[in-house]
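So this one's data.cif, mmCIF, C-alpha atoms and all ligand atoms:
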```cif
data_my_file
#
loop_
_atom_site.label_atom_id
_atom_site.label_comp_id
_atom_site.auth_asym_id
_atom_site.auth_seq_id
_atom_site.Cartn_x
_atom_site.Cartn_y
_atom_site.Cartn_z
CA MET P 1 15.73 24.80 45.10
CA SER P 2 18.92 25.50 43.25
CA ARG P 3 18.88 26.11 39.53
CA LYS P 4 21.10 24.57 36.89
CA PRO P 5 20.12 26.09 33.54
CA TYR P 6 21.61 24.46 30.46
CA GLN P 7 23.01 26.97 27.98
CA PRO P 8 22.75 25.51 24.46
CA PRO P 9 25.96 25.97 22.46
CA MET P 10 26.10 28.14 19.33
CA PRO P 11 28.37 26.14 17.02
CA ALA P 12 30.22 27.87 14.17
CA SER P 13 28.04 25.82 11.84
CA TRP P 14 24.81 27.46 13.11
CA TRP P 15 24.01 28.82 9.64
CA LEU P 16 23.77 25.32 8.16
CA LYS P 17 20.79 24.52 10.36
CA HIS P 18 18.04 26.21 8.38
CA PRO P 19 17.49 27.29 4.73
CA ALA P 20 16.77 30.86 5.91
CA TYR P 21 20.25 31.06 7.44
CA ARG P 22 21.91 29.53 4.39
CA PHE P 23 20.15 32.06 2.17
CA TYR P 24 21.38 34.86 4.43
CA MET P 25 24.96 33.58 4.24
CA LEU P 26 24.72 33.33 0.44
CA ARG P 27 23.55 36.96 0.33
CA GLU P 28 26.46 38.06 2.51
CA ALA P 29 28.91 35.94 0.48
CA THR P 30 28.13 37.93 -2.69
CA VAL P 31 30.72 40.39 -1.41
CA LEU P 32 33.55 37.94 -2.26
CA PRO P 33 33.26 37.93 -6.08
CA LEU P 34 32.56 41.68 -5.90
CA LEU P 35 35.90 42.14 -4.11
CA PHE P 36 37.57 40.45 -7.06
CA PHE P 37 35.76 42.76 -9.46
CA VAL P 38 36.88 45.83 -7.52
CA ALA P 39 40.45 44.50 -7.42
CA SER P 40 40.49 44.01 -11.21
CA LEU P 41 39.12 47.56 -11.66
CA LEU P 42 41.91 48.94 -9.47
CA TYR P 43 44.47 46.89 -11.39
CA GLY P 44 43.08 48.45 -14.59
CA LEU P 45 43.46 51.99 -13.20
CA TYR P 46 47.01 51.22 -12.12
CA ALA P 47 47.85 49.75 -15.55
CA LEU P 48 46.41 52.84 -17.24
CA GLY P 49 48.79 55.01 -15.22
CA GLN P 50 51.78 52.85 -16.17
CA GLY P 51 51.49 53.48 -19.90
CA GLU P 52 50.35 51.71 -23.04
CA SER P 53 52.23 48.43 -22.75
CA SER P 54 50.95 47.65 -19.25
CA TRP P 55 47.44 48.68 -20.32
CA LEU P 56 47.59 46.18 -23.18
CA GLN P 57 48.91 43.58 -20.76
CA TYR P 58 45.94 44.34 -18.50
CA LEU P 59 43.52 43.90 -21.41
CA SER P 60 44.92 40.47 -22.23
CA TRP P 61 44.84 39.55 -18.52
CA LEU P 62 41.15 40.49 -18.52
CA GLN P 63 40.47 38.09 -21.39
CA GLN P 64 41.69 35.00 -19.60
CA PRO P 65 38.87 32.50 -19.09
CA TRP P 66 39.20 32.39 -15.29
CA VAL P 67 39.08 36.19 -15.04
CA ILE P 68 36.01 36.27 -17.27
CA ALA P 69 34.45 33.51 -15.17
CA LEU P 70 35.09 35.32 -11.87
CA ASN P 71 33.82 38.63 -13.24
CA SER P 72 30.68 36.95 -14.61
CA LEU P 73 30.19 35.45 -11.17
CA ALA P 74 30.53 38.96 -9.74
CA LEU P 75 27.83 40.17 -12.14
CA VAL P 76 25.45 37.37 -11.15
CA ALA P 77 26.26 37.94 -7.47
CA SER P 78 25.57 41.65 -7.68
CA LEU P 79 22.26 41.07 -9.48
CA PHE P 80 21.30 38.53 -6.82
CA HIS P 81 22.28 40.93 -4.06
CA ALA P 82 20.34 43.72 -5.76
CA TRP P 83 17.30 41.47 -5.89
CA THR P 84 17.48 40.69 -2.14
CA PHE P 85 18.05 44.38 -1.43
CA PHE P 86 15.10 45.48 -3.54
CA VAL P 87 12.81 42.96 -1.88
CA LEU P 88 13.87 44.13 1.60
CA PHE P 89 13.62 47.81 0.73
CA PRO P 90 9.84 48.22 1.20
CA GLN P 91 10.24 46.68 4.67
CA VAL P 92 12.89 49.22 5.64
CA MET P 93 11.38 52.30 3.98
CA PRO P 94 7.64 51.80 3.63
CA LEU P 95 6.09 54.68 1.71
CA ARG P 96 2.85 55.88 3.18
CA LEU P 97 0.03 57.73 1.52
CA GLY P 98 -2.27 58.73 4.35
CA SER P 99 -3.10 55.56 6.27
CA ARG P 100 -2.15 53.26 3.38
CA THR P 101 1.23 51.80 2.55
CA LEU P 102 2.42 51.61 -1.03
CA PRO P 103 2.32 47.91 -2.05
CA ALA P 104 5.71 46.20 -1.89
CA TRP P 105 5.53 44.84 -5.45
CA LEU P 106 5.20 48.38 -6.78
CA MET P 107 8.33 49.52 -4.96
CA VAL P 108 10.27 46.44 -6.07
CA SER P 109 9.28 46.92 -9.73
CA ALA P 110 10.13 50.63 -9.52
CA GLN P 111 13.63 49.73 -8.39
CA TRP P 112 14.11 47.24 -11.25
CA ALA P 113 12.82 49.91 -13.63
CA GLY P 114 15.55 52.16 -12.24
CA VAL P 115 18.19 49.49 -12.96
CA LEU P 116 16.88 49.12 -16.50
CA LEU P 117 17.06 52.89 -17.00
CA VAL P 118 20.69 53.01 -15.84
CA ILE P 119 21.60 50.12 -18.16
CA LEU P 120 19.88 51.83 -21.10
CA ALA P 121 21.59 55.14 -20.31
CA LEU P 122 25.00 53.42 -20.20
CA TRP P 123 24.24 51.59 -23.43
CA TRP P 124 23.35 54.84 -25.10
CA LEU P 125 26.46 56.61 -23.75
CA LEU P 126 28.84 53.86 -24.86
CA GLY P 127 27.06 53.45 -28.19
CA GLY P 128 27.55 57.19 -28.76
CA MET P 129 31.28 56.82 -28.18
CA ASN P 130 31.53 53.99 -30.70
CA ALA P 131 29.77 56.06 -33.34
CA ASP P 132 32.37 58.82 -32.90
CA ALA P 133 35.33 56.48 -33.26
CA MET O 1 -7.24 7.39 15.87
CA PRO O 2 -3.88 7.50 14.16
CA SER O 3 -0.81 7.89 16.32
CA MET O 4 2.40 9.81 15.81
CA ALA O 5 5.95 9.38 17.05
CA ILE O 6 7.23 12.43 18.90
CA GLN O 7 10.83 12.99 19.95
CA LEU O 8 11.01 15.24 22.97
CA GLN O 9 14.09 16.97 24.24
CA ARG O 10 14.24 16.31 27.99
CA TYR O 11 16.43 18.05 30.50
CA LEU O 12 16.15 17.23 34.19
CA PRO O 13 18.55 19.58 35.95
CA GLU O 14 18.72 17.53 39.16
CA ARG O 15 19.89 14.51 37.17
CA ASP O 16 21.27 15.50 33.75
CA SER O 17 24.19 17.63 32.69
CA THR O 18 23.00 17.84 29.07
CA PRO O 19 19.60 17.33 27.44
CA HIS O 20 18.65 14.03 25.81
CA TRP O 21 15.91 12.83 23.48
CA GLN O 22 13.00 10.69 24.57
CA ALA O 23 10.45 9.06 22.26
CA PHE O 24 6.69 9.14 22.83
CA ASN O 25 3.68 8.07 20.85
CA VAL O 26 0.52 10.17 20.87
CA GLU O 27 -2.89 9.69 19.34
CA TYR O 28 -4.09 12.59 17.27
CA ASP O 29 -6.79 13.83 14.94
CA ASP O 30 -7.12 16.92 12.77
CA SER O 31 -7.59 19.20 15.74
CA THR O 32 -4.67 18.00 17.88
CA SER O 33 -2.16 20.76 18.51
CA VAL O 34 1.41 20.31 19.72
CA LEU O 35 0.22 21.64 23.07
CA ASP O 36 -2.56 19.01 23.17
CA ALA O 37 0.04 16.35 22.45
CA LEU O 38 2.20 17.57 25.33
CA GLU O 39 -0.82 17.50 27.63
CA GLN O 40 -1.58 13.97 26.53
CA ILE O 41 1.98 12.87 27.29
CA LYS O 42 1.98 14.54 30.70
CA ALA O 43 -1.43 13.17 31.66
CA GLU O 44 -1.01 9.62 30.39
CA GLN O 45 2.67 8.80 29.95
CA ASP O 46 5.11 10.91 31.95
CA SER O 47 3.93 13.34 34.58
CA SER O 48 7.44 14.69 35.08
CA LEU O 49 7.33 16.50 31.73
CA SER O 50 7.46 20.31 32.03
CA TYR O 51 6.31 22.92 29.53
CA ARG O 52 4.61 26.31 29.61
CA TRP O 53 1.19 27.27 28.37
CA SER O 54 -1.76 29.37 29.39
CA CYS O 55 -4.29 30.66 26.86
CA ARG O 56 -4.03 27.87 24.23
CA MET O 57 -5.28 30.39 21.67
CA ALA O 58 -2.12 32.13 20.45
CA ILE O 59 -2.47 35.22 22.59
CA CYS O 60 -0.47 34.74 25.82
CA GLY O 61 2.78 33.86 24.08
CA SER O 62 3.94 31.32 26.66
CA CYS O 63 3.93 28.04 24.67
CA GLY O 64 6.82 28.67 22.28
CA VAL O 65 8.85 25.54 21.39
CA MET O 66 11.11 24.42 18.56
CA VAL O 67 9.07 22.20 16.25
CA ASN O 68 11.47 20.29 13.99
CA GLY O 69 13.98 23.05 14.59
CA VAL O 70 11.61 25.92 13.84
CA PRO O 71 10.27 28.26 16.56
CA LYS O 72 6.48 27.83 16.82
CA LEU O 73 3.61 28.39 19.24
CA GLY O 74 2.60 24.93 20.50
CA CYS O 75 -1.06 25.87 20.60
CA LYS O 76 -1.04 27.16 17.01
CA THR O 77 0.83 24.22 15.48
CA PHE O 78 -1.04 21.07 14.51
CA LEU O 79 0.14 17.47 14.26
CA ARG O 80 -1.79 17.00 11.02
CA ASP O 81 0.78 19.25 9.29
CA TYR O 82 3.69 16.99 10.29
CA PRO O 83 2.90 13.55 8.83
CA LYS O 84 6.57 12.55 9.08
CA GLY O 85 6.68 13.02 12.84
CA LEU O 86 7.77 15.64 15.30
CA GLN O 87 10.83 16.72 17.20
CA LEU O 88 10.07 19.10 20.05
CA ALA O 89 12.77 21.07 21.84
CA PRO O 90 12.86 24.17 24.02
CA LEU O 91 13.08 27.57 22.30
CA GLY O 92 16.53 28.11 20.84
CA ASN O 93 19.09 30.66 22.10
CA PHE O 94 17.71 30.68 25.66
CA PRO O 95 19.10 28.81 28.68
CA VAL O 96 17.00 25.70 29.39
CA GLU O 97 15.60 25.37 32.92
CA LYS O 98 13.87 22.04 32.52
CA ASP O 99 12.51 20.10 29.52
CA LEU O 100 10.72 22.63 27.31
CA ILE O 101 10.95 25.49 29.79
CA VAL O 102 13.50 28.20 29.04
CA ASP O 103 14.73 31.14 31.06
CA MET O 104 13.41 34.20 29.23
CA SER O 105 14.78 36.79 31.62
CA ARG O 106 17.30 38.15 29.08
CA PHE O 107 14.50 38.91 26.68
CA LEU O 108 12.41 40.47 29.45
CA GLU O 109 15.35 42.62 30.59
CA HIS O 110 15.81 43.91 27.05
CA LEU O 111 12.11 44.58 26.86
CA THR O 112 12.13 46.66 30.05
CA ALA O 113 15.25 48.51 28.93
CA ILE O 114 13.53 50.15 25.98
CA LYS O 115 10.65 51.51 28.12
CA PRO O 116 7.78 49.80 26.32
CA TYR O 117 5.03 52.14 27.47
CA LEU O 118 3.62 55.53 26.55
CA ILE O 119 5.75 58.34 27.89
CA ALA O 120 3.39 61.23 27.47
CA GLU O 121 2.04 64.33 29.06
CA ALA O 122 -1.39 63.72 30.51
CA ALA O 123 -4.12 64.73 28.10
CA PRO O 124 -5.71 68.03 29.09
CA GLN O 125 -8.47 67.81 31.70
CA GLY O 126 -8.73 64.03 31.77
CA GLN O 127 -9.65 63.90 28.10
CA PRO O 128 -8.51 60.98 25.97
CA HIS O 129 -5.45 61.32 23.78
CA ARG O 130 -6.81 61.68 20.30
CA GLN O 131 -5.29 59.86 17.38
CA THR O 132 -6.30 59.74 13.73
CA PRO O 133 -6.56 56.41 11.86
CA ALA O 134 -3.51 57.44 9.84
CA GLN O 135 -1.50 58.00 13.04
CA LEU O 136 -2.66 54.64 14.37
CA ALA O 137 -1.71 52.89 11.13
CA ARG O 138 1.92 53.97 11.52
CA TYR O 139 2.56 51.68 14.50
CA LYS O 140 -0.42 49.29 14.69
CA GLN O 141 1.36 46.27 13.20
CA PHE O 142 4.20 46.57 15.73
CA SER O 143 1.76 46.65 18.64
CA ASN O 144 0.53 43.11 17.94
CA CYS O 145 3.50 41.50 19.68
CA ILE O 146 2.61 38.89 22.32
CA ASN O 147 6.17 38.61 23.72
CA CYS O 148 6.41 34.95 22.81
CA GLY O 149 10.14 35.17 22.07
CA LEU O 150 9.98 33.07 18.89
CA CYS O 151 11.88 35.81 17.08
CA TYR O 152 14.72 35.55 19.64
CA ALA O 153 14.94 31.82 19.01
CA ALA O 154 15.19 32.63 15.28
CA CYS O 155 17.83 35.35 15.64
CA PRO O 156 21.46 34.18 15.27
CA GLN O 157 22.73 37.58 16.44
CA PHE O 158 20.92 37.10 19.77
CA GLY O 159 22.33 33.57 19.93
CA LEU O 160 25.86 34.86 19.36
CA LYS O 161 25.51 37.95 21.54
CA PRO O 162 22.76 37.73 24.20
CA ASP O 163 23.22 41.44 25.01
CA PHE O 164 21.70 42.33 21.63
CA LEU O 165 18.33 43.93 22.43
CA GLY O 166 16.78 41.68 19.80
CA PRO O 167 13.77 41.77 17.48
CA ALA O 168 10.74 42.12 19.75
CA ALA O 169 12.27 44.68 22.13
CA ILE O 170 13.39 46.87 19.23
CA ALA O 171 10.05 46.42 17.48
CA LEU O 172 8.29 47.58 20.62
CA ALA O 173 10.63 50.56 21.03
CA HIS O 174 9.85 51.45 17.43
CA ARG O 175 6.13 51.01 18.09
CA TYR O 176 6.19 53.62 20.87
CA ASN O 177 8.53 55.94 18.97
CA LEU O 178 6.03 55.96 16.11
CA ASP O 179 3.07 56.67 18.39
CA SER O 180 1.84 60.24 17.96
CA ARG O 181 0.91 60.38 21.69
CA ASP O 182 4.38 59.42 22.85
CA SER O 183 7.21 61.81 23.63
CA GLY O 184 9.74 59.35 25.07
CA LYS O 185 11.75 58.79 21.89
CA ALA O 186 14.82 60.61 23.20
CA GLU O 187 14.93 58.25 26.19
CA ARG O 188 14.78 55.17 23.95
CA MET O 189 17.26 56.29 21.29
CA ALA O 190 20.27 55.87 23.58
CA GLN O 191 19.51 52.14 23.80
CA LEU O 192 18.63 51.82 20.13
CA ASN O 193 21.75 53.70 18.94
CA SER O 194 24.15 51.44 20.82
CA ASP O 195 25.95 48.43 19.34
CA ASN O 196 23.47 46.22 21.16
CA GLY O 197 20.62 48.19 19.63
CA VAL O 198 19.56 48.35 15.99
CA TRP O 199 23.16 48.10 14.75
CA GLY O 200 23.51 44.63 16.22
CA CYS O 201 21.15 43.43 13.47
CA THR O 202 22.49 42.18 10.13
CA PHE O 203 19.03 41.69 8.60
CA VAL O 204 18.90 37.93 8.58
CA GLY O 205 15.14 38.50 8.50
CA TYR O 206 14.15 35.09 9.87
CA CYS O 207 12.56 36.72 12.96
CA SER O 208 9.81 38.09 10.75
CA THR O 209 9.25 34.70 9.11
CA VAL O 210 8.64 32.93 12.42
CA CYS O 211 6.57 35.66 14.11
CA PRO O 212 3.09 34.21 14.71
CA LYS O 213 1.50 37.66 14.82
CA GLY O 214 2.76 39.29 11.62
CA VAL O 215 4.65 41.92 13.60
CA ASP O 216 7.58 41.94 11.13
CA PRO O 217 10.21 42.82 13.74
CA ALA O 218 12.94 42.85 11.05
CA ALA O 219 11.16 45.78 9.41
CA ALA O 220 11.01 47.61 12.75
CA VAL O 221 14.68 47.02 13.48
CA ASN O 222 15.78 48.22 10.07
CA GLN O 223 13.45 51.22 10.09
CA GLY O 224 15.09 51.83 13.46
CA LYS O 225 18.47 52.01 11.71
CA ILE O 226 17.21 54.92 9.66
CA ALA O 227 15.78 56.57 12.78
CA SER O 228 19.09 56.00 14.56
CA THR O 229 21.06 57.53 11.68
CA LEU O 230 18.80 60.59 11.63
CA ASP O 231 19.15 60.83 15.40
CA GLY O 232 22.94 60.75 14.98
CA VAL O 233 22.82 63.53 12.39
CA ILE O 234 20.65 65.62 14.70
CA GLN O 235 23.07 65.02 17.59
CA TRP O 236 25.87 66.16 15.31
CA PHE O 237 24.27 69.54 14.88
CA LYS O 238 23.41 69.83 18.56
CA PRO O 239 26.80 69.50 20.29
CA ALA O 240 25.41 70.60 23.64
CA LYS O 241 23.32 67.43 23.94
CA ALA O 242 25.84 65.07 22.34
CA SER O 243 26.98 63.61 25.65
CA ARG O 244 23.63 61.83 26.05
CA ASN O 245 24.64 58.78 24.00
CA LYS O 246 28.20 58.43 25.13
CA GLU O 247 27.69 56.14 28.07
CA GLN O 248 25.97 53.64 25.79
CA ARG O 249 28.96 53.25 23.49
S1 LIG J 301 7.70 40.05 17.48
FE1 LIG J 301 6.46 38.24 16.95
S2 LIG J 301 7.83 36.50 17.36
FE2 LIG J 301 8.72 38.26 18.41
S3 LIG J 301 7.93 38.16 20.51
FE3 LIG J 301 6.54 39.50 19.33
S4 LIG J 301 4.90 38.14 18.58
FE4 LIG J 301 6.60 36.81 19.25
S1 LIG J 302 -0.83 28.83 25.13
FE1 LIG J 302 -0.99 31.00 24.94
S2 LIG J 302 0.02 31.39 23.07
FE2 LIG J 302 -0.02 29.21 23.15
#
```

Output the file's structure in the form of structure tokens.
Ligand code: SF4
Ligand code: FES
Amino acid sequence: MSRKPYQPPMPASWWLKHPAYRFYMLREATVLPLLFFVASLLYGLYALGQGESSWLQYLSWLQQPWVIALNSLALVASLFHAWTFFVLFPQVMPLRLGSRTLPAWLMVSAQWAGVLLVILALWWLLGGMNADA
Amino acid sequence: MPSMAIQLQRYLPERDSTPHWQAFNVEYDDSTSVLDALEQIKAEQDSSLSYRWSCRMAICGSCGVMVNGVPKLGCKTFLRDYPKGLQLAPLGNFPVEKDLIVDMSRFLEHLTAIKPYLIAEAAPQGQPHRQTPAQLARYKQFSNCINCGLCYAACPQFGLKPDFLGPAAIALAHRYNLDSRDSGKAERMAQLNSDNGVWGCTFVGYCSTVCPKGVDPAAAVNQGKIASTLDGVIQWFKPAKASRNKEQR
């Protein structure tokens, strides 16, 4: 008997089919606002090299509502991405003590604690600078 | 007994060029599984219906179908959980032979490719290979795979690129690589290091959600990325053996 297998198509819209796929695409899409953030950082560096007037121009560019909105989106996106990354981390690098695995929640909270520490350290550093000025 | 409307995806290769939907009604109670419903349809309504099954207790892995678009074992899925009705289709991402029967040979080829067996020196004097509970715990979860292929139906990367080794094959490779009795890791790494190996995965993670055995293939694949990176670093420092992976690239 001859065979005639039917190969189901994989449409470009495959990721709309299930919430798990949409969530995945959202996670991957966080790179877009981050690209904008990186571009505005690079613009800032460039402006700094060009002298005071272009630096001041850069600062006023930064304060435009749409720039603030996009950069806030980048912040939210990076926090969201960090969250997905932290949750996946124990799956990728399970820590073993003998025959037991460290519980995932412990590893996730440790990572958030790390984020908090970095934020506090930055706060302290920048606060120190302000006090000097 | 209450009855439920079931939409079944039919494909009769001698007649059809594409699949179509056919409606059936089945009687069910709290213990009726999707597999029971299929048996009822075949016995009482349409004997031409084709589907696979064997153990009907979630161990042989042959009854995988898409239940309302989600890969499930027919024998482990119950009508009582779908009060709004059911849509049954063959496992996604595989070629369909007939009705709910898919051609799994791609998956099986990938499985063979990673040498899913112990590659080990014989234990001395016919003694058993000894293993501590801690050594067993390292791979035990990954050894629970029943080769049902649900994870392949869940994996968009396999759907887009059928050469991707895929979740279960990589999980099984990882399972043997982690086994203290095994010494075949070097033979498996060439496959795992390639673009169709662990690096074909973008961590969608849905394979682990649908796995009926808690294998967590996504964890295996992504632990495999670390193993593959380390393997690459080791190759870097051992130029004499570097040619081993080239043919895979
Ligand atoms: S890993 Fe899970 S879903 Fe994939 S074949 Fe094995 S048992 Fe089935
Ligand atoms: S019939 Fe064996 S797993 Fe369902």

Based on all atoms listed in the file, which of the residues in chain O come within 6 Å of chain P? I want them as a list of chain:residue names.
O:Pro13, O:Pro95, O:Val96, O:Glu97, O:Ala134, O:Ala137, O:Val204, O:Ala219, O:Asn222, O:Gln223

My list of candidates is O:Phe164, O:Tyr206, O:Phe142, O:Phe78. Which is closest to Asn177 of chain O when distances are computed with only C-alpha atoms?
O:Phe142

Give me the residues within 8 Å of Phe36 of chain P as a VMD selection string, counting all atoms listed in the file and dropping any in the same chain fewer than 5 places off.
chain P and resid 70 to 71 74

Edge lengths and centre in Å to one decimal, as lines of an AutoDock Vina configuration file, of the axis-aligned box that encloses all listed atoms of ligand LIG 302 (chain J) with 4 Å added on every side?
```
center_x = -0.5
center_y = 30.1
center_z = 24.1
size_x = 9.0
size_y = 10.6
size_z = 10.1
```

Write out, as a tab-separated table, each residue of chain O that has an atom at most 10 Å from ligand LIG 301 (chain J), together with the closest pair of atoms and their distance in Å to one decimal, counting only C-alpha atoms and all ligand atoms, rows going by chain and rising number.
```
residue	atom	partner	partner_atom	distance
O:Ala58	CA	J:LIG301	S4	9.4
O:Ile59	CA	J:LIG301	S4	8.9
O:Cys60	CA	J:LIG301	S4	9.6
O:Gly61	CA	J:LIG301	FE4	6.8
O:Ser62	CA	J:LIG301	FE4	9.6
O:Gly64	CA	J:LIG301	FE4	8.7
O:Pro71	CA	J:LIG301	S2	8.6
O:Lys72	CA	J:LIG301	S2	8.8
O:Leu73	CA	J:LIG301	FE4	8.9
O:Phe107	CA	J:LIG301	S3	9.0
O:Leu111	CA	J:LIG301	S3	10.0
O:Gln141	CA	J:LIG301	S1	9.9
O:Phe142	CA	J:LIG301	S1	7.6
O:Ser143	CA	J:LIG301	FE3	8.6
O:Asn144	CA	J:LIG301	S4	6.6
O:Cys145	CA	J:LIG301	FE3	3.7
O:Ile146	CA	J:LIG301	S4	4.4
O:Asn147	CA	J:LIG301	S3	3.7
O:Cys148	CA	J:LIG301	FE4	4.0
O:Gly149	CA	J:LIG301	S3	4.0
O:Leu150	CA	J:LIG301	S2	4.3
O:Cys151	CA	J:LIG301	S2	4.1
O:Tyr152	CA	J:LIG301	FE2	6.7
O:Ala153	CA	J:LIG301	S2	8.7
O:Ala154	CA	J:LIG301	S2	8.6
O:Cys155	CA	J:LIG301	FE2	10.0
O:Gly166	CA	J:LIG301	FE2	8.9
O:Pro167	CA	J:LIG301	FE2	6.2
O:Ala168	CA	J:LIG301	S1	4.3
O:Ala169	CA	J:LIG301	S1	8.0
O:Ile170	CA	J:LIG301	S1	9.1
O:Ala171	CA	J:LIG301	S1	6.8
O:Leu172	CA	J:LIG301	S1	8.2
O:Tyr206	CA	J:LIG301	S2	9.9
O:Cys207	CA	J:LIG301	S2	6.5
O:Ser208	CA	J:LIG301	FE1	7.0
O:Thr209	CA	J:LIG301	S2	8.6
O:Val210	CA	J:LIG301	S2	6.1
O:Cys211	CA	J:LIG301	S2	3.6
O:Pro212	CA	J:LIG301	FE1	5.7
O:Lys213	CA	J:LIG301	S4	5.1
O:Gly214	CA	J:LIG301	FE1	6.6
O:Val215	CA	J:LIG301	S1	5.3
O:Asp216	CA	J:LIG301	S1	6.6
O:Pro217	CA	J:LIG301	S1	5.3
O:Ala218	CA	J:LIG301	S1	8.8
O:Ala220	CA	J:LIG301	S1	9.5
```

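Here atom CA of Gly197 of chain O is placed at a distance of 17.5 Å from atom CA of Ser105 of chain O.
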
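Distances to Trp105 of chain P were evaluated for P:Val87, P:Leu122, P:Val76, P:Leu59 using all atoms listed in the file, and the minimum falls at P:Val87.
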
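Remark: for ligand LIG 302 (chain J), the closest of the candidate residues O:Ser54, O:Ser48, O:Asn196, O:Gln9 is O:Ser54 (distances computed over all atoms listed in the file).
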
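Atom CA of Asn93 of chain O is found 9.7 Å from atom CA of Lys161 of chain O.
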
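With all atoms listed in the file as the atoms that count, the minimum distance from ligand LIG 302 (chain J) to the choices O:Lys76, O:Glu44, O:Val70, O:Ser50 is reached by O:Lys76.
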
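Atom CA of Glu27 of chain O is positioned 16.0 Å from atom CA of Leu88 of chain O.
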
Could you check which of O:Asp81, O:Asp46, O:Glu121, O:Glu39 is closest to ligand LIG 302 (chain J), using only C-alpha atoms and all ligand atoms?
O:Glu39

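Closest approach to Gly44 of chain P from the set P:Val31, P:Val108, P:Leu62, P:Ala82 is made by P:Leu62, with distances taken over all atoms listed in the file.
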
List the spatial neighbours of Tyr176 of chain O as JSON, numbers by chain - criterion: any atom at most 8 Å away, only C-alpha atoms, same-chain residues fewer than 2 positions off excluded.
{"O": [116, 117, 118, 139, 172, 173, 174, 178, 179, 182, 184, 185]}

Select all residues near (3.7, 11.0, 25.1) (cut-off 10 Å, inclusive, file coordinates), counting all atoms listed in the file, and output them as a list in words.
Met4, Ala5, Ile6, Gln7, Leu8, Gln22, Ala23, Phe24, Asn25, Val26, Glu27, Ala37, Leu38, Glu39, Gln40, Ile41, Lys42, Ala43, Glu44, Gln45, Asp46, Ser47 and Leu49 of chain O

Could you dump the residues just selected with C-alpha atoms as a PDB file, in the coordinates of the input?
```
ATOM      1  CA  MET O   4       2.400   9.810  15.810  1.00  0.00           C
ATOM      2  CA  ALA O   5       5.950   9.380  17.050  1.00  0.00           C
ATOM      3  CA  ILE O   6       7.230  12.430  18.900  1.00  0.00           C
ATOM      4  CA  GLN O   7      10.830  12.990  19.950  1.00  0.00           C
ATOM      5  CA  LEU O   8      11.010  15.240  22.970  1.00  0.00           C
ATOM      6  CA  GLN O  22      13.000  10.690  24.570  1.00  0.00           C
ATOM      7  CA  ALA O  23      10.450   9.060  22.260  1.00  0.00           C
ATOM      8  CA  PHE O  24       6.690   9.140  22.830  1.00  0.00           C
ATOM      9  CA  ASN O  25       3.680   8.070  20.850  1.00  0.00           C
ATOM     10  CA  VAL O  26       0.520  10.170  20.870  1.00  0.00           C
ATOM     11  CA  GLU O  27      -2.890   9.690  19.340  1.00  0.00           C
ATOM     12  CA  ALA O  37       0.040  16.350  22.450  1.00  0.00           C
ATOM     13  CA  LEU O  38       2.200  17.570  25.330  1.00  0.00           C
ATOM     14  CA  GLU O  39      -0.820  17.500  27.630  1.00  0.00           C
ATOM     15  CA  GLN O  40      -1.580  13.970  26.530  1.00  0.00           C
ATOM     16  CA  ILE O  41       1.980  12.870  27.290  1.00  0.00           C
ATOM     17  CA  LYS O  42       1.980  14.540  30.700  1.00  0.00           C
ATOM     18  CA  ALA O  43      -1.430  13.170  31.660  1.00  0.00           C
ATOM     19  CA  GLU O  44      -1.010   9.620  30.390  1.00  0.00           C
ATOM     20  CA  GLN O  45       2.670   8.800  29.950  1.00  0.00           C
ATOM     21  CA  ASP O  46       5.110  10.910  31.950  1.00  0.00           C
ATOM     22  CA  SER O  47       3.930  13.340  34.580  1.00  0.00           C
ATOM     23  CA  LEU O  49       7.330  16.500  31.730  1.00  0.00           C
TER      24      LEU O  49
END
```
